Amino acid sequence: MRRHIIYLVIAIAIIWIVPMLSSYANAATCQLTNITWTQESAKIGDLVKYKIDGKDCPLERVHVVVWSDHSGSSDTREAEFDVYFPREGAVFISDWRVANSNPFTNASLYLVADINTSGTGASVDSSKTGTIKYLKVAPAIDQNPTVTITNFSITPNTIPASTVTKLNVTFKAKVDSPLYFTSRCSGVQAFMINDSGNKIYTQAAKSTSPTNQNYSFDFNYNYTAGGDGAVNLRGKLECVGSAIVSMPTSSAVTITIGKGGGTGTGNTGAPGAPGTTQNYQFTVPNWLKGQPSSLTDLLDILAKWLFNLAIPVAVGLIIYAGVLLMTAGPNPANVKKGGNILKWVAIGLAIIFINKGFISLIRSVLELGNK
Amino acid sequence: MEINSKMKNFKRFIYIVGVLIPVVTLAEDMPEYDLTIQNIFAIINGLVCWAARMSYLLMIVMLVYSGVMFFLSNGEPAKVTKAREGLKWVAIGIAVVLATYTIIATVANAVGVPDVSRFLPLHC
């Protein structure tokens with residue numbers, strides 16, 4: 001009995017002392033491994049987050065400098081501050097408010113961090129290793145982007161009457177501050193309108209990006225001409241998302257139909273050529289997210305589904321099996337039931353974990369003849 | 001007999017109405033809310049978390065129960081054996097419940113899933 005107590009004391013002593021010793025032995029120097037922004041863009045006045053990864057860095061002080069990248073000329077130091085790692089964990093997420101000052105407008109900011117004290121850890125640079133290297137700063141909220149139509153032209157501008165003619169429409173637009181434009185409009189849609197303002201053509205919406213200034217909506221339109229005369233066509237843009245940004249309409253392009261609307265004398269023209277067979281092309285959009293294009297892609301989606309469901313269900317079943325085993329004392333039949341559940345959960349999990357493996361397994365079996 | 005079945009139907013109706021009234025009134029107060037498949041995963045997750053918590057309670061109850069069985073055995077060999085058998089299975093059951101994630105991780109490891117920490121443990 002006494003021997004047991006001594007063993008117990010020794011075991012407890014070991015359990016206490018070993019972690020203490022190892023924590024002394026582990027007092028390694030802090031090594032920063034990475035720094036990154038957690039978002040790609042921000043407006044002035046926003047609170048933005050960044051993340052520093054480090055090894056053996058609890059309570060360590062880190063000096064962080066925000067640099068503004070002027071591609072070409074030398075970069076400028078915009079802000080600097082000290083932050084501390086938390087007691088636990090190697091990851092540090094902190095936030096910094098983009099100050100309300102001019103130099104930040106449309107700037108690309110990156111972060112550099114190093115250990116202040118001994119300088120043993122090399123500095124880390126978000127522009128080199130970060131997953132999000134730069135933070136783009138958009139102008140403050142009261143600045144409105146201006147959208148201008150740089151080109152709206154149609155060829156040909158004289159078409160025969162009473163036939164269908166294919167018009168090549170060139171339609172280009174420019175945005176002065178794309179970053180802010182993105183925050184207002186998720187997409188831009190282009191239309192062509194006729195004399196009475198009806199939309200006779202709708203172009204699929206183009207999504208906006210914080211870097212893209214120029215948008216091109218070129219398209220072909222089969223115009224069904226009536227009798228002689230003229231028609232005025234205009235290009236029109238609309239903002240997808242909210243209607244705060246005012247979008248322009250181009251000036252009119254006049255298309256002359258047949259002999260035009262003017263009065264005059266002249267010979268009757270030769271009869272038009274008979275209509276030719278025309279080909280229309282259309283696409284059915286793939287409305288499944290992730291754009292699966294083959295059966296294996298579809299199987300991937302199914303596998304992900306099964307997987308997401310299987311993990312919590314497996315946890316629940318194992319707990320149920322445990323409960324059955326626990327209550328096996330008063331009810332011995334539960335032993336077999338609980339054991340069986342455990343067995344089949346393990347088998348089911350194995351199958352779900354392998355999921356895509358089966359496809360490659362079968363494929364490898366079928367392809368064995370080639371090797 | 002007929003009256004009985006009518007009563008049953010009436011009771012059923014009352015139950016359905018009783019369940020629906022709070023749902024309808026809640027729906028009026030609630031902001032627009034899109035139920036997605038992610039929510040359903042979250043609901044299953046929550047149920048499993050609840051089951052886990054309940055099983056932790058049951059562990060203590062069953063331990064106490066097997067202790068009481070030892071008390072009540074009064075030293076009679078047959079009853080002591082029964083109580084001991086019960087305690088053994090309680091211990092095994094506790095081990096299974098506490099080793100839930102270990103079991104899953106072991107299976108995952110055996111078939112070569114690279115990163116188990118991506119989906120384990122569940123966030124309770």
# chains A, B, ... in the order shown; residues from 1 in each chain; ligands from 1

$ closest_atom_pairs --of "chain A" --to "chain B" --cutoff "12 Å" --atoms "only C-alpha atoms" --output "CSV"
residue,atom,partner,partner_atom,distance
A:Trp305,CA,B:Ile37,CA,9.6
A:Leu306,CA,B:Phe41,CA,11.0
A:Phe307,CA,B:Phe119,CA,9.6
A:Asn308,CA,B:Phe41,CA,7.3
A:Leu309,CA,B:Phe41,CA,6.7
A:Ala310,CA,B:Phe41,CA,10.0
A:Ile311,CA,B:Phe119,CA,7.7
A:Pro312,CA,B:Asn45,CA,5.7
A:Val313,CA,B:Val48,CA,7.4
A:Ala314,CA,B:Ile104,CA,7.9
A:Val315,CA,B:Thr100,CA,6.3
A:Gly316,CA,B:Val48,CA,5.1
A:Leu317,CA,B:Val48,CA,8.9
A:Ile318,CA,B:Thr100,CA,6.1
A:Ile319,CA,B:Val97,CA,5.0
A:Tyr320,CA,B:Ala51,CA,8.1
A:Ala321,CA,B:Gly93,CA,7.6
A:Gly322,CA,B:Gly93,CA,4.3
A:Val323,CA,B:Gly93,CA,6.1
A:Leu324,CA,B:Gly93,CA,7.2
A:Leu325,CA,B:Gly93,CA,4.6
A:Met326,CA,B:Val90,CA,4.0
A:Thr327,CA,B:Val90,CA,6.7
A:Ala328,CA,B:Trp89,CA,6.1
A:Gly329,CA,B:Gly86,CA,3.7
A:Pro330,CA,B:Gly86,CA,7.0
A:Asn331,CA,B:Gly86,CA,9.2
A:Pro332,CA,B:Gly86,CA,8.8
A:Ala333,CA,B:Trp89,CA,11.8
A:Asn334,CA,B:Trp89,CA,10.0
A:Val335,CA,B:Trp89,CA,8.0
A:Lys336,CA,B:Trp89,CA,11.6
A:Gly338,CA,B:Gly93,CA,8.9
A:Gly339,CA,B:Gly93,CA,10.1
A:Ile341,CA,B:Val96,CA,11.6
A:Leu342,CA,B:Val96,CA,9.0
A:Lys343,CA,B:Ile103,CA,10.7
A:Trp344,CA,B:Val107,CA,11.8
A:Val345,CA,B:Ile104,CA,9.0
A:Ala346,CA,B:Val107,CA,6.5
A:Ile347,CA,B:Val107,CA,8.4
A:Gly348,CA,B:Val107,CA,9.8
A:Leu349,CA,B:Val107,CA,7.0
A:Ala350,CA,B:Val107,CA,6.1
A:Ile351,CA,B:Val111,CA,8.8
A:Ile352,CA,B:Ala108,CA,9.4
A:Phe353,CA,B:Ala108,CA,6.4
A:Ile354,CA,B:Val111,CA,6.5
A:Asn355,CA,B:Val111,CA,10.3
A:Lys356,CA,B:Val113,CA,11.2
A:Gly357,CA,B:Val111,CA,9.5
A:Phe358,CA,B:Val111,CA,11.5

$ write_last_selection --atoms "N, CA and C atoms" --output "compact mmCIF listing (two decimals), in the first residue's frame"
# COMPACT_ATOMS: atom_id res chain seq x y z
N TRP A 305 -20.69 17.29 -49.64
CA TRP A 305 -21.96 17.22 -48.93
C TRP A 305 -21.93 16.14 -47.87
N LEU A 306 -21.60 14.91 -48.35
CA LEU A 306 -21.57 13.76 -47.45
C LEU A 306 -20.62 14.02 -46.29
N PHE A 307 -19.47 14.61 -46.65
CA PHE A 307 -18.43 14.82 -45.66
C PHE A 307 -18.93 15.77 -44.58
N ASN A 308 -19.53 16.90 -45.00
CA ASN A 308 -20.01 17.89 -44.04
C ASN A 308 -21.04 17.30 -43.10
N LEU A 309 -21.88 16.41 -43.65
CA LEU A 309 -22.91 15.79 -42.82
C LEU A 309 -22.32 14.71 -41.93
N ALA A 310 -21.32 13.99 -42.49
CA ALA A 310 -20.88 12.76 -41.83
C ALA A 310 -20.17 13.02 -40.51
N ILE A 311 -19.39 14.12 -40.46
CA ILE A 311 -18.57 14.33 -39.26
C ILE A 311 -19.46 14.50 -38.01
N PRO A 312 -20.42 15.47 -38.00
CA PRO A 312 -21.26 15.58 -36.80
C PRO A 312 -22.09 14.33 -36.54
N VAL A 313 -22.56 13.69 -37.61
CA VAL A 313 -23.38 12.49 -37.40
C VAL A 313 -22.53 11.39 -36.76
N ALA A 314 -21.28 11.26 -37.22
CA ALA A 314 -20.40 10.24 -36.66
C ALA A 314 -20.13 10.53 -35.19
N VAL A 315 -19.88 11.82 -34.86
CA VAL A 315 -19.65 12.19 -33.46
C VAL A 315 -20.87 11.79 -32.64
N GLY A 316 -22.06 12.14 -33.14
CA GLY A 316 -23.30 11.83 -32.42
C GLY A 316 -23.45 10.33 -32.21
N LEU A 317 -23.15 9.53 -33.25
CA LEU A 317 -23.33 8.08 -33.14
C LEU A 317 -22.35 7.47 -32.14
N ILE A 318 -21.10 7.99 -32.18
CA ILE A 318 -20.11 7.44 -31.24
C ILE A 318 -20.53 7.75 -29.81
N ILE A 319 -21.05 8.97 -29.59
CA ILE A 319 -21.53 9.32 -28.26
C ILE A 319 -22.69 8.40 -27.87
N TYR A 320 -23.58 8.13 -28.84
CA TYR A 320 -24.71 7.25 -28.55
C TYR A 320 -24.21 5.85 -28.18
N ALA A 321 -23.20 5.36 -28.91
CA ALA A 321 -22.63 4.06 -28.61
C ALA A 321 -22.04 4.05 -27.20
N GLY A 322 -21.34 5.15 -26.85
CA GLY A 322 -20.76 5.26 -25.52
C GLY A 322 -21.83 5.20 -24.45
N VAL A 323 -22.95 5.91 -24.71
CA VAL A 323 -24.05 5.93 -23.74
C VAL A 323 -24.63 4.53 -23.59
N LEU A 324 -24.79 3.83 -24.72
CA LEU A 324 -25.32 2.46 -24.66
C LEU A 324 -24.41 1.58 -23.82
N LEU A 325 -23.08 1.71 -24.03
CA LEU A 325 -22.14 0.89 -23.27
C LEU A 325 -22.21 1.25 -21.78
N MET A 326 -22.35 2.56 -21.52
CA MET A 326 -22.41 3.01 -20.12
C MET A 326 -23.58 2.39 -19.39
N THR A 327 -24.71 2.30 -20.09
CA THR A 327 -25.92 1.78 -19.44
C THR A 327 -26.02 0.27 -19.61
N ALA A 328 -24.91 -0.39 -19.96
CA ALA A 328 -24.96 -1.83 -20.20
C ALA A 328 -25.09 -2.60 -18.90
N GLY A 329 -24.72 -1.99 -17.78
CA GLY A 329 -24.82 -2.69 -16.49
C GLY A 329 -26.22 -3.20 -16.24
N PRO A 330 -27.23 -2.29 -16.16
CA PRO A 330 -28.59 -2.73 -15.94
C PRO A 330 -29.22 -3.37 -17.18
N ASN A 331 -28.63 -3.18 -18.32
CA ASN A 331 -29.28 -3.65 -19.56
C ASN A 331 -28.24 -4.27 -20.48
N PRO A 332 -27.86 -5.56 -20.24
CA PRO A 332 -26.70 -6.15 -20.92
C PRO A 332 -26.85 -6.22 -22.44
N ALA A 333 -28.06 -6.15 -22.97
CA ALA A 333 -28.22 -6.24 -24.42
C ALA A 333 -27.54 -5.07 -25.12
N ASN A 334 -27.34 -3.96 -24.39
CA ASN A 334 -26.75 -2.77 -24.98
C ASN A 334 -25.30 -2.96 -25.39
N VAL A 335 -24.60 -3.92 -24.77
CA VAL A 335 -23.18 -4.10 -25.07
C VAL A 335 -23.01 -4.40 -26.55
N LYS A 336 -23.81 -5.37 -27.03
CA LYS A 336 -23.68 -5.78 -28.42
C LYS A 336 -24.06 -4.63 -29.36
N GLY A 338 -24.08 -1.33 -28.79
CA GLY A 338 -23.08 -0.25 -28.76
C GLY A 338 -21.86 -0.62 -29.57
N GLY A 339 -21.40 -1.88 -29.38
CA GLY A 339 -20.22 -2.33 -30.11
C GLY A 339 -20.44 -2.30 -31.61
N ILE A 341 -22.61 -0.44 -33.28
CA ILE A 341 -22.65 0.94 -33.77
C ILE A 341 -21.24 1.45 -33.98
N LEU A 342 -20.36 1.21 -33.00
CA LEU A 342 -18.97 1.67 -33.12
C LEU A 342 -18.32 1.11 -34.37
N LYS A 343 -18.52 -0.20 -34.58
CA LYS A 343 -17.88 -0.86 -35.72
C LYS A 343 -18.34 -0.21 -37.03
N TRP A 344 -19.67 -0.05 -37.17
CA TRP A 344 -20.19 0.43 -38.45
C TRP A 344 -19.89 1.91 -38.66
N VAL A 345 -19.82 2.67 -37.56
CA VAL A 345 -19.42 4.08 -37.71
C VAL A 345 -18.01 4.15 -38.26
N ALA A 346 -17.12 3.30 -37.73
CA ALA A 346 -15.74 3.32 -38.19
C ALA A 346 -15.67 2.96 -39.67
N ILE A 347 -16.44 1.94 -40.07
CA ILE A 347 -16.41 1.53 -41.48
C ILE A 347 -16.98 2.64 -42.37
N GLY A 348 -18.11 3.21 -41.93
CA GLY A 348 -18.73 4.28 -42.71
C GLY A 348 -17.81 5.47 -42.86
N LEU A 349 -17.17 5.85 -41.75
CA LEU A 349 -16.24 6.99 -41.80
C LEU A 349 -15.10 6.70 -42.78
N ALA A 350 -14.58 5.48 -42.71
CA ALA A 350 -13.46 5.13 -43.59
C ALA A 350 -13.89 5.32 -45.04
N ILE A 351 -15.11 4.85 -45.38
CA ILE A 351 -15.58 4.97 -46.76
C ILE A 351 -15.71 6.43 -47.16
N ILE A 352 -16.26 7.25 -46.25
CA ILE A 352 -16.45 8.66 -46.60
C ILE A 352 -15.11 9.38 -46.69
N PHE A 353 -14.16 9.00 -45.83
CA PHE A 353 -12.85 9.64 -45.89
C PHE A 353 -12.14 9.28 -47.18
N ILE A 354 -12.35 8.04 -47.63
CA ILE A 354 -11.65 7.62 -48.85
C ILE A 354 -12.26 8.30 -50.07
N ASN A 355 -13.53 8.71 -50.00
CA ASN A 355 -14.41 9.05 -51.12
C ASN A 355 -13.74 9.16 -52.50
N LYS A 356 -12.97 10.23 -52.73
CA LYS A 356 -12.43 10.40 -54.07
C LYS A 356 -11.38 9.35 -54.37
N GLY A 357 -10.82 8.80 -53.30
CA GLY A 357 -9.81 7.76 -53.48
C GLY A 357 -10.33 6.60 -54.30
N PHE A 358 -11.64 6.27 -54.13
CA PHE A 358 -12.22 5.15 -54.86
C PHE A 358 -12.14 5.39 -56.36

$ select_by_dssp --residues "stretch 42-263 of chain A" --states "helix (DSSP H, G or I)" --output "MDAnalysis selection string"
chainID A and resid 102:104 126:129 178:184

$ write_last_selection --atoms "C-alpha atoms" --output "mmCIF file, in the first residue's frame"
data_model
loop_
_atom_site.group_PDB
_atom_site.id
_atom_site.type_symbol
_atom_site.label_atom_id
_atom_site.label_comp_id
_atom_site.auth_asym_id
_atom_site.auth_seq_id
_atom_site.Cartn_x
_atom_site.Cartn_y
_atom_site.Cartn_z
ATOM 1 C CA ASN A 102 -4.532 62.454 -47.925
ATOM 2 C CA PRO A 103 -1.479 60.324 -48.688
ATOM 3 C CA PHE A 104 -3.558 57.193 -48.186
ATOM 4 C CA SER A 126 3.635 41.249 -46.142
ATOM 5 C CA SER A 127 4.517 42.376 -49.655
ATOM 6 C CA LYS A 128 6.825 39.370 -49.979
ATOM 7 C CA THR A 129 5.204 36.497 -48.111
ATOM 8 C CA PRO A 178 -12.374 51.847 -59.643
ATOM 9 C CA LEU A 179 -11.779 50.887 -56.024
ATOM 10 C CA TYR A 180 -14.566 53.049 -54.739
ATOM 11 C CA PHE A 181 -16.729 52.170 -57.737
ATOM 12 C CA THR A 182 -16.471 48.507 -56.693
ATOM 13 C CA SER A 183 -17.765 49.318 -53.236
ATOM 14 C CA ARG A 184 -20.900 50.863 -54.721
#

$ atom_distance --atom1 "atom CA of A:Val65" --atom2 "atom CA of A:Gly89"
22.5 Å

$ select_by_dssp --residues "stretch 10-195 of chain A" --states "strand (DSSP E)" --output "PyMOL selection string"
chain A and resi 31-37+41-43+47-55+61-68+76-84+91-97+108-115+124-125+135-138+147-155+158-159+164-175+187-193

$ residues_around --residues "stretch 144-148 of chain A" --least-positions-apart "3" --cutoff "7 Å" --atoms "only C-alpha atoms" --output "list of chain:residue names"
A:Ala173, A:Lys174, A:Val175, A:Asp176, A:Ser177, A:Tyr180, A:Phe181, A:Met247, A:Pro248

$ atom_distance --atom1 "atom CA of A:Lys304" --atom2 "atom CA of B:Thr102"
21.8 Å

$ atom_distance --atom1 "atom CA of A:Gln278" --atom2 "atom CA of A:Thr163"
12.6 Å

$ residues_around --residues "A:Ala161" --least-positions-apart "3" --cutoff "10 Å" --atoms "only C-alpha atoms" --output "list in words"
Thr158, Val164, Thr165, Thr224, Ala225, Gly226, Gly227, Asp228, Gly229, Thr256, Ile257, Gly258, Lys259, Gly260 and Gly272 of chain A

$ write_last_selection --atoms "C-alpha atoms" --output "JSON list (two decimals), in the first residue's frame"
[["chain", "number", "residue", "atom", "x", "y", "z"],
["A", 158, "THR", "CA", -26.22, 52.78, -93.42],
["A", 164, "VAL", "CA", -32.09, 42.08, -90.73],
["A", 165, "THR", "CA", -28.58, 43.53, -90.60],
["A", 224, "THR", "CA", -34.57, 44.45, -88.01],
["A", 225, "ALA", "CA", -34.99, 47.48, -90.19],
["A", 226, "GLY", "CA", -38.39, 48.77, -91.20],
["A", 227, "GLY", "CA", -39.01, 51.16, -94.04],
["A", 228, "ASP", "CA", -36.73, 53.94, -95.18],
["A", 229, "GLY", "CA", -35.79, 56.45, -92.51],
["A", 256, "THR", "CA", -29.68, 55.56, -91.90],
["A", 257, "ILE", "CA", -32.08, 52.94, -93.21],
["A", 258, "GLY", "CA", -32.48, 52.36, -96.93],
["A", 259, "LYS", "CA", -32.55, 55.61, -98.89],
["A", 260, "GLY", "CA", -32.83, 57.64, -95.72],
["A", 272, "GLY", "CA", -32.15, 43.09, -102.20]]
